[in-house]
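This is target08.cif. It holds mmCIF, C-alpha atoms.
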data_model
loop_
_atom_site.label_atom_id
_atom_site.label_comp_id
_atom_site.auth_asym_id
_atom_site.auth_seq_id
_atom_site.Cartn_x
_atom_site.Cartn_y
_atom_site.Cartn_z
CA MET A 1 -44.68 3.34 42.51
CA ARG A 2 -41.86 1.50 44.25
CA ILE A 3 -42.57 3.28 47.54
CA TRP A 4 -46.23 2.21 47.42
CA GLU A 5 -45.25 -1.40 46.73
CA ALA A 6 -42.76 -1.29 49.61
CA ASP A 7 -45.46 0.14 51.90
CA LEU A 8 -47.84 -2.68 50.96
CA ALA A 9 -45.15 -5.25 51.75
CA ILE A 10 -44.62 -3.66 55.18
CA ASP A 11 -48.39 -3.68 55.77
CA ASP A 12 -48.46 -7.42 55.18
CA GLU A 13 -45.30 -8.07 57.18
CA PHE A 14 -46.66 -6.46 60.34
CA TYR A 15 -50.30 -7.50 60.00
CA GLU A 16 -51.03 -9.96 62.81
CA PRO A 17 -54.75 -10.80 63.13
CA GLY A 18 -55.91 -10.63 66.71
CA ARG A 19 -53.01 -8.41 67.74
CA PHE A 20 -52.10 -5.70 65.21
CA VAL A 21 -54.04 -4.58 62.13
CA THR A 22 -52.63 -2.63 59.19
CA LEU A 23 -54.59 -1.01 56.37
CA PRO A 24 -52.95 0.40 53.24
CA ALA A 25 -53.48 4.13 52.85
CA CYS A 26 -52.02 7.27 51.32
CA GLU A 27 -52.49 11.02 51.44
CA ILE A 28 -53.30 12.89 48.23
CA GLY A 29 -53.09 16.66 48.09
CA PHE A 30 -55.42 18.88 46.10
CA ALA A 31 -55.66 22.65 45.94
CA ILE A 32 -59.09 22.40 47.58
CA GLY A 33 -57.90 20.21 50.46
CA HIS A 34 -56.07 17.00 51.23
CA LYS A 35 -57.61 13.52 51.30
CA ASN A 36 -56.48 10.35 53.07
CA VAL A 37 -57.42 7.27 51.04
CA TYR A 38 -57.75 3.88 52.74
CA PHE A 39 -58.16 0.39 51.29
CA PRO A 40 -59.27 -2.87 52.96
CA ALA A 41 -56.46 -5.06 51.57
CA THR A 42 -53.01 -4.81 50.04
CA GLU A 43 -53.92 -6.14 46.58
CA VAL A 44 -54.50 -2.62 45.31
CA ALA A 45 -52.88 -0.10 43.00
CA HIS A 46 -51.97 3.39 44.16
CA PRO A 47 -54.73 5.87 43.22
CA ALA A 48 -52.37 8.79 42.47
CA PRO A 49 -52.02 8.24 38.67
CA ASP A 50 -55.79 8.75 38.36
CA SER A 51 -55.97 11.67 40.79
CA SER A 52 -55.38 14.82 38.77
CA SER A 53 -58.48 16.24 40.48
CA VAL A 54 -60.87 15.27 43.26
CA GLU A 55 -63.44 14.27 40.65
CA ALA A 56 -60.87 12.08 38.89
CA LEU A 57 -59.99 10.41 42.19
CA PHE A 58 -63.60 9.49 42.91
CA ALA A 59 -64.08 8.27 39.34
CA SER A 60 -61.01 6.02 39.64
CA LEU A 61 -62.41 4.46 42.82
CA GLU A 62 -65.82 3.55 41.39
CA ARG A 63 -64.96 -0.14 41.04
CA ARG A 64 -62.83 -0.36 44.18
CA GLU A 65 -63.45 -0.57 47.90
CA ALA A 66 -62.06 2.61 49.42
CA LEU A 67 -62.60 5.23 52.08
CA VAL A 68 -61.68 8.85 51.41
CA ILE A 69 -61.26 10.98 54.53
CA PRO A 70 -61.05 14.80 54.39
CA HIS A 71 -57.80 15.74 56.17
CA HIS A 72 -56.97 18.90 58.24
CA THR A 73 -60.12 20.47 56.85
CA ASN A 74 -60.28 23.93 58.43
CA VAL A 75 -56.76 25.25 57.80
CA HIS A 76 -54.78 26.30 54.74
CA SER A 77 -51.12 26.22 53.71
CA GLU A 78 -50.50 29.96 53.51
CA SER A 79 -46.81 29.63 54.42
CA SER A 80 -45.94 26.43 52.54
CA ARG A 81 -43.13 26.71 49.98
CA ARG A 82 -43.78 23.37 48.30
CA THR A 83 -47.50 23.15 47.77
CA PHE A 84 -50.52 25.32 48.28
CA TRP A 85 -53.92 24.20 49.46
CA THR A 86 -56.96 25.90 50.90
CA GLU A 87 -59.48 24.96 53.54
CA HIS A 88 -61.65 22.04 52.46
CA ASP A 89 -64.26 22.54 49.77
CA PHE A 90 -67.22 20.40 50.86
CA THR A 91 -69.08 20.98 47.59
CA THR A 92 -66.89 18.20 46.14
CA HIS A 93 -68.16 15.71 48.74
CA ASP A 94 -68.79 12.16 47.54
CA PRO A 95 -71.18 10.36 49.94
CA VAL A 96 -70.15 6.92 48.68
CA PHE A 97 -66.49 7.15 49.69
CA GLU A 98 -66.40 10.04 52.16
CA ARG A 99 -68.08 8.34 55.10
CA LEU A 100 -65.62 9.70 57.67
CA ILE A 101 -64.00 13.05 58.43
CA GLU A 102 -60.93 13.96 60.47
CA MET A 103 -62.03 15.65 63.68
CA SER A 104 -58.67 15.98 65.45
CA GLN A 105 -54.95 15.78 64.76
CA ASN A 106 -51.71 17.42 65.87
CA ARG A 107 -52.83 20.81 64.54
CA GLY A 108 -55.64 20.58 67.08
CA SER A 109 -59.35 19.99 66.75
CA PHE A 110 -61.41 20.88 63.69
CA GLU A 111 -64.71 20.27 65.45
CA CYS A 112 -66.07 23.82 65.26
CA GLU A 113 -65.40 27.23 63.72
CA THR A 114 -64.64 29.13 66.93
CA VAL A 115 -60.94 29.29 67.81
CA GLY A 116 -60.12 28.45 71.42
CA GLY A 117 -59.11 25.51 73.58
CA ASN A 118 -57.95 22.71 71.29
CA VAL A 119 -59.23 24.55 68.20
CA SER A 120 -56.17 26.38 66.87
CA PHE A 121 -57.56 27.14 63.41
CA GLY A 122 -61.10 28.04 62.45
CA GLU A 123 -63.55 30.53 61.02
CA LEU A 124 -62.91 29.29 57.48
CA GLY A 125 -66.20 27.43 57.03
CA SER A 126 -64.69 23.94 56.81
CA SER A 127 -64.99 22.55 60.33
CA VAL A 128 -66.72 19.27 61.14
CA TRP A 129 -69.78 21.26 62.22
CA SER A 130 -69.78 22.95 58.82
CA ALA A 131 -69.59 19.56 57.09
CA LEU A 132 -72.63 18.39 59.03
CA GLN A 133 -74.47 21.58 58.11
CA HIS A 134 -73.74 20.73 54.47
CA GLY A 135 -75.69 17.51 55.04
CA MET A 136 -72.67 15.20 55.08
CA LYS A 137 -73.35 11.91 56.90
CA VAL A 138 -69.93 11.20 58.35
CA GLY A 139 -68.30 9.49 61.28
CA PHE A 140 -65.33 11.00 63.09
CA VAL A 141 -61.67 9.95 63.15
CA GLY A 142 -58.54 11.37 64.74
CA GLY A 143 -54.89 11.07 63.81
CA THR A 144 -51.61 12.91 63.55
CA ASP A 145 -49.89 14.65 60.66
CA THR A 146 -46.28 13.88 61.44
CA HIS A 147 -45.94 11.07 58.84
CA ARG A 148 -43.95 9.13 61.43
CA GLY A 149 -46.43 6.41 62.36
CA LEU A 150 -46.68 7.38 66.03
CA PRO A 151 -50.38 7.40 67.02
CA GLY A 152 -51.35 10.23 69.33
CA GLU A 153 -47.95 11.91 69.03
CA TRP A 154 -47.54 15.42 70.42
CA ARG A 155 -47.80 18.32 68.04
CA SER A 156 -44.97 18.94 65.66
CA PRO A 157 -44.29 22.55 64.57
CA LEU A 158 -46.79 22.46 61.71
CA ALA A 159 -48.56 25.54 60.36
CA GLY A 160 -46.59 27.79 62.68
CA LEU A 161 -47.59 26.00 65.89
CA ASP A 162 -44.99 25.85 68.64
CA PRO A 163 -45.29 22.44 70.34
CA ASP A 164 -43.92 23.92 73.57
CA GLU A 165 -46.39 26.80 73.66
CA SER A 166 -49.35 24.76 72.38
CA PRO A 167 -49.04 21.36 74.06
CA SER A 168 -51.70 19.06 72.66
CA VAL A 169 -51.50 15.42 71.70
CA GLY A 170 -52.47 14.23 68.28
CA GLY A 171 -55.83 12.64 67.70
CA LEU A 172 -56.74 8.98 68.00
CA THR A 173 -59.47 6.90 66.38
CA ALA A 174 -61.40 4.35 68.42
CA VAL A 175 -63.07 1.62 66.37
CA ILE A 176 -65.91 -0.53 67.71
CA ALA A 177 -65.28 -3.75 65.82
CA SER A 178 -66.22 -7.40 66.19
CA GLY A 179 -62.60 -8.50 66.04
CA LEU A 180 -59.04 -7.40 65.43
CA THR A 181 -58.77 -8.27 61.74
CA ARG A 182 -58.63 -6.19 58.60
CA GLU A 183 -62.15 -7.21 57.65
CA SER A 184 -63.61 -6.34 61.06
CA ILE A 185 -61.83 -3.00 61.35
CA TRP A 186 -62.70 -2.09 57.77
CA ASN A 187 -66.38 -2.96 58.21
CA ALA A 188 -66.57 -0.86 61.38
CA LEU A 189 -64.93 2.14 59.70
CA TRP A 190 -67.15 1.77 56.64
CA ASN A 191 -70.23 1.76 58.88
CA ARG A 192 -68.96 4.81 60.82
CA CYS A 193 -68.81 2.72 63.99
CA CYS A 194 -65.91 4.73 65.36
CA TYR A 195 -65.12 7.99 67.14
CA ALA A 196 -62.27 10.47 67.56
CA THR A 197 -60.50 11.69 70.68
CA GLN A 198 -57.86 14.36 71.24
CA GLY A 199 -55.38 11.75 72.41
CA GLN A 200 -57.33 10.35 75.37
CA ARG A 201 -57.89 6.60 75.20
CA THR A 202 -61.57 6.88 76.13
CA LEU A 203 -63.74 3.75 75.93
CA LEU A 204 -67.24 4.53 74.71
CA ASN A 205 -70.11 2.72 73.07
CA PHE A 206 -73.41 4.13 71.93
CA ALA A 207 -76.53 2.69 70.36
CA LEU A 208 -80.13 3.75 69.85
CA ASP A 209 -82.16 0.59 70.38
CA GLU A 210 -81.03 -1.75 67.59
CA TYR A 211 -79.16 1.02 65.76
CA PRO A 212 -75.40 1.03 66.52
CA LEU A 213 -73.09 4.03 66.42
CA GLY A 214 -72.82 5.34 62.86
CA SER A 215 -76.30 4.32 61.74
CA VAL A 216 -78.51 6.52 59.59
CA ILE A 217 -82.07 6.34 60.90
CA SER A 218 -85.38 7.96 60.07
CA ALA A 219 -87.06 10.73 62.03
CA ALA A 220 -89.90 8.30 62.75
CA ALA A 221 -87.49 5.93 64.50
CA VAL A 222 -86.21 8.78 66.65
CA GLU A 223 -89.77 9.75 67.58
CA ARG A 224 -90.56 6.15 68.59
CA PHE A 225 -87.45 6.04 70.76
CA ALA A 226 -88.27 9.39 72.38
CA HIS A 227 -91.83 8.23 73.06
CA ARG A 228 -90.66 5.01 74.73
CA SER A 229 -88.06 6.91 76.76
CA LYS A 230 -90.72 9.30 78.02
CA ASN A 231 -92.94 6.38 79.00
CA ARG A 232 -90.08 4.77 80.93
CA ASP A 233 -89.47 8.02 82.81
CA THR A 234 -93.13 8.34 83.79
CA GLY A 235 -93.55 4.67 84.61
CA PHE A 236 -96.04 3.91 81.83
CA ALA A 237 -95.61 1.06 79.35
#

In structure tokens, write the structure found in this file.
Amino acid sequence: MRIWEADLAIDDEFYEPGRFVTLPACEIGFAIGHKNVYFPATEVAHPAPDSSSVEALFASLERREALVIPHHTNVHSESSRRTFWTEHDFTTHDPVFERLIEMSQNRGSFECETVGGNVSFGELGSSVWSALQHGMKVGFVGGTDTHRGLPGEWRSPLAGLDPDESPSVGGLTAVIASGLTRESIWNALWNRCCYATQGQRTLLNFALDEYPLGSVISAAAVERFAHRSKNRDTGFA
């Protein structure tokens, strides 16, 4: 695990609270989809030795703080010579660790099943919409898949895409955090207080009364909010 140890050292070298935040992470490939695993600090062992299956990965994380993010969910590796993986299997979902899902990256958007616009791959039943229909309570993140550490980079020729014919920037994740530290960024991601864009640096905040973005609330709370909103519109208290 020399590469992992070197990565952790680089994370610490470039971490500058208040200016630039690094979080240790790795990608682990399974036949039923790839996962990006994030940790809040660098005092952590690589999860790969305990990751012979998705179930083994989750079992190995039981006593650790970690986020597991389904990666390029609605596409498969049909032309890969090195490894083979299918569209994501959401029946393996773990609600403890899988609190986020990748909405966009340099293969395009995985928001819905219908191909068109920024959605280059679909109709496989593993889009973000499909995840929500499975009852998954997840926030949305965006990234790239170039493995070059260039946020929002333009598409590389992955999965047969021609970057000249299909110009689209990679995804970005916006995090609504109380500060620019590992702890603040981690807490915001853990609480799903974040959103994905298709490369645009859009500033957005959303809350429902005292419930911030990413909250899980009851139907009764929604009804109370709707009732108050209606009263405001009609001028009644």

Given the PyMOL selection byres ((chain A and resi 122) around 9) and the file above, list the residues it selects as a list in words.
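With the PyMOL selection byres ((chain A and resi 122) around 9) on this model, the match is Asn74, Val75, Phe110, Cys112, Glu113, Thr114, Val115, Val119, Ser120, Phe121, Glu123, Leu124, Gly125, Ser126 and Ser127 of chain A.
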
If the PyMOL selection byres ((chain A and resi 207) around 12) were run on this exact file, what residues would it hold? Put them as a list in words.
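Selection result, ordered by chain and number: Ile176, Cys193, Cys194, Leu204, Asn205, Phe206, Leu208, Asp209, Glu210, Tyr211, Pro212, Leu213, Gly214, Ser215, Val216, Ile217 and Phe225 of chain A.
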
Identify the residues within 9 Å of coordinate (-65.3, 12.4, 54.7) (same frame as the file), considering only C-alpha atoms, and give the answer as an MDAnalysis selection string.
chainID A and resid 35 67:71 93:95 97:102 131 136:140

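Coordinates place CA of His76 (chain A) at a distance of 8.1 Å from CA of Gly33 (chain A).
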
Can you tell me how far CA of Leu203 (chain A) sits from CA of His72 (chain A), in Å to one decimal?
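Atom-to-atom, CA of Leu203 (chain A) to CA of His72 (chain A), that is 24.3 Å.
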
May I have the residues within 12 Å of Ile10 (chain A) as a PyMOL selection string, using only C-alpha atoms and disregarding those fewer than 4 positions away in the same chain?
chain A and resi 3-6+14-16+21-24+42

Of the residues A:Phe20, A:Val222, A:Glu13, A:Thr173, which is the one nearest to Leu189 (chain A), using all atoms listed in the file?
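Of the candidates, the smallest distance to Leu189 (chain A) is held by A:Thr173.
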
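For the pair CA of Thr92 (chain A) and CA of Thr197 (chain A), the separation is 26.2 Å.
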
Evaluate the PyMOL selection byres ((chain A and resi 66) around 10) and record the selected residues as a PyMOL selection string, following the chain and residue labels used in the document.
chain A and resi 25+37-41+58+61-65+67-69+96-98+186+190

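Among the candidates A:Leu150, A:Val44, A:Met103, A:Ile185, the one nearest to Ala9 (chain A) when counting only C-alpha atoms is A:Val44.
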
Between A:Gln198, A:Ser184, A:Asn191, A:Ser52, smallest distance to Pro17 (chain A) by all atoms listed in the file belongs to A:Ser184

The residue from A:Thr86, A:Ser130, A:Gln105, A:Asn36 with the smallest atom-to-atom distance to Gly143 (chain A), counting only C-alpha atoms, is A:Gln105

Output requested as a compact mmCIF listing (two decimals), in the frame of the given file - region 192-205 of chain A, filled out with N, CA and C atoms.
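As written to disk, selection_12.txt reads:
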# COMPACT_ATOMS: atom_id res chain seq x y z
N ARG A 192 -69.11 3.64 59.93
CA ARG A 192 -68.96 4.81 60.82
C ARG A 192 -69.06 4.42 62.29
N CYS A 193 -68.75 3.19 62.61
CA CYS A 193 -68.81 2.72 63.99
C CYS A 193 -67.47 3.01 64.67
N CYS A 194 -67.19 4.30 64.83
CA CYS A 194 -65.91 4.73 65.36
C CYS A 194 -66.07 6.15 65.91
N TYR A 195 -65.07 6.62 66.63
CA TYR A 195 -65.12 7.99 67.14
C TYR A 195 -63.69 8.50 67.34
N ALA A 196 -63.57 9.83 67.44
CA ALA A 196 -62.27 10.47 67.56
C ALA A 196 -62.08 11.02 68.97
N THR A 197 -60.85 11.01 69.44
CA THR A 197 -60.50 11.69 70.68
C THR A 197 -59.29 12.58 70.42
N GLN A 198 -59.04 13.51 71.34
CA GLN A 198 -57.86 14.36 71.24
C GLN A 198 -56.73 13.74 72.05
N GLY A 199 -56.49 12.45 71.78
CA GLY A 199 -55.38 11.75 72.41
C GLY A 199 -55.77 10.88 73.59
N GLN A 200 -56.91 11.17 74.24
CA GLN A 200 -57.33 10.35 75.37
C GLN A 200 -57.81 8.99 74.87
N ARG A 201 -57.46 7.95 75.59
CA ARG A 201 -57.89 6.60 75.20
C ARG A 201 -59.21 6.28 75.91
N THR A 202 -60.25 6.99 75.51
CA THR A 202 -61.57 6.88 76.13
C THR A 202 -62.33 5.71 75.53
N LEU A 203 -62.91 4.87 76.39
CA LEU A 203 -63.74 3.75 75.93
C LEU A 203 -65.19 4.18 75.97
N LEU A 204 -65.87 4.05 74.84
CA LEU A 204 -67.24 4.53 74.71
C LEU A 204 -67.99 3.64 73.74
N ASN A 205 -69.24 3.39 74.04
CA ASN A 205 -70.11 2.72 73.07
C ASN A 205 -71.46 3.40 73.13
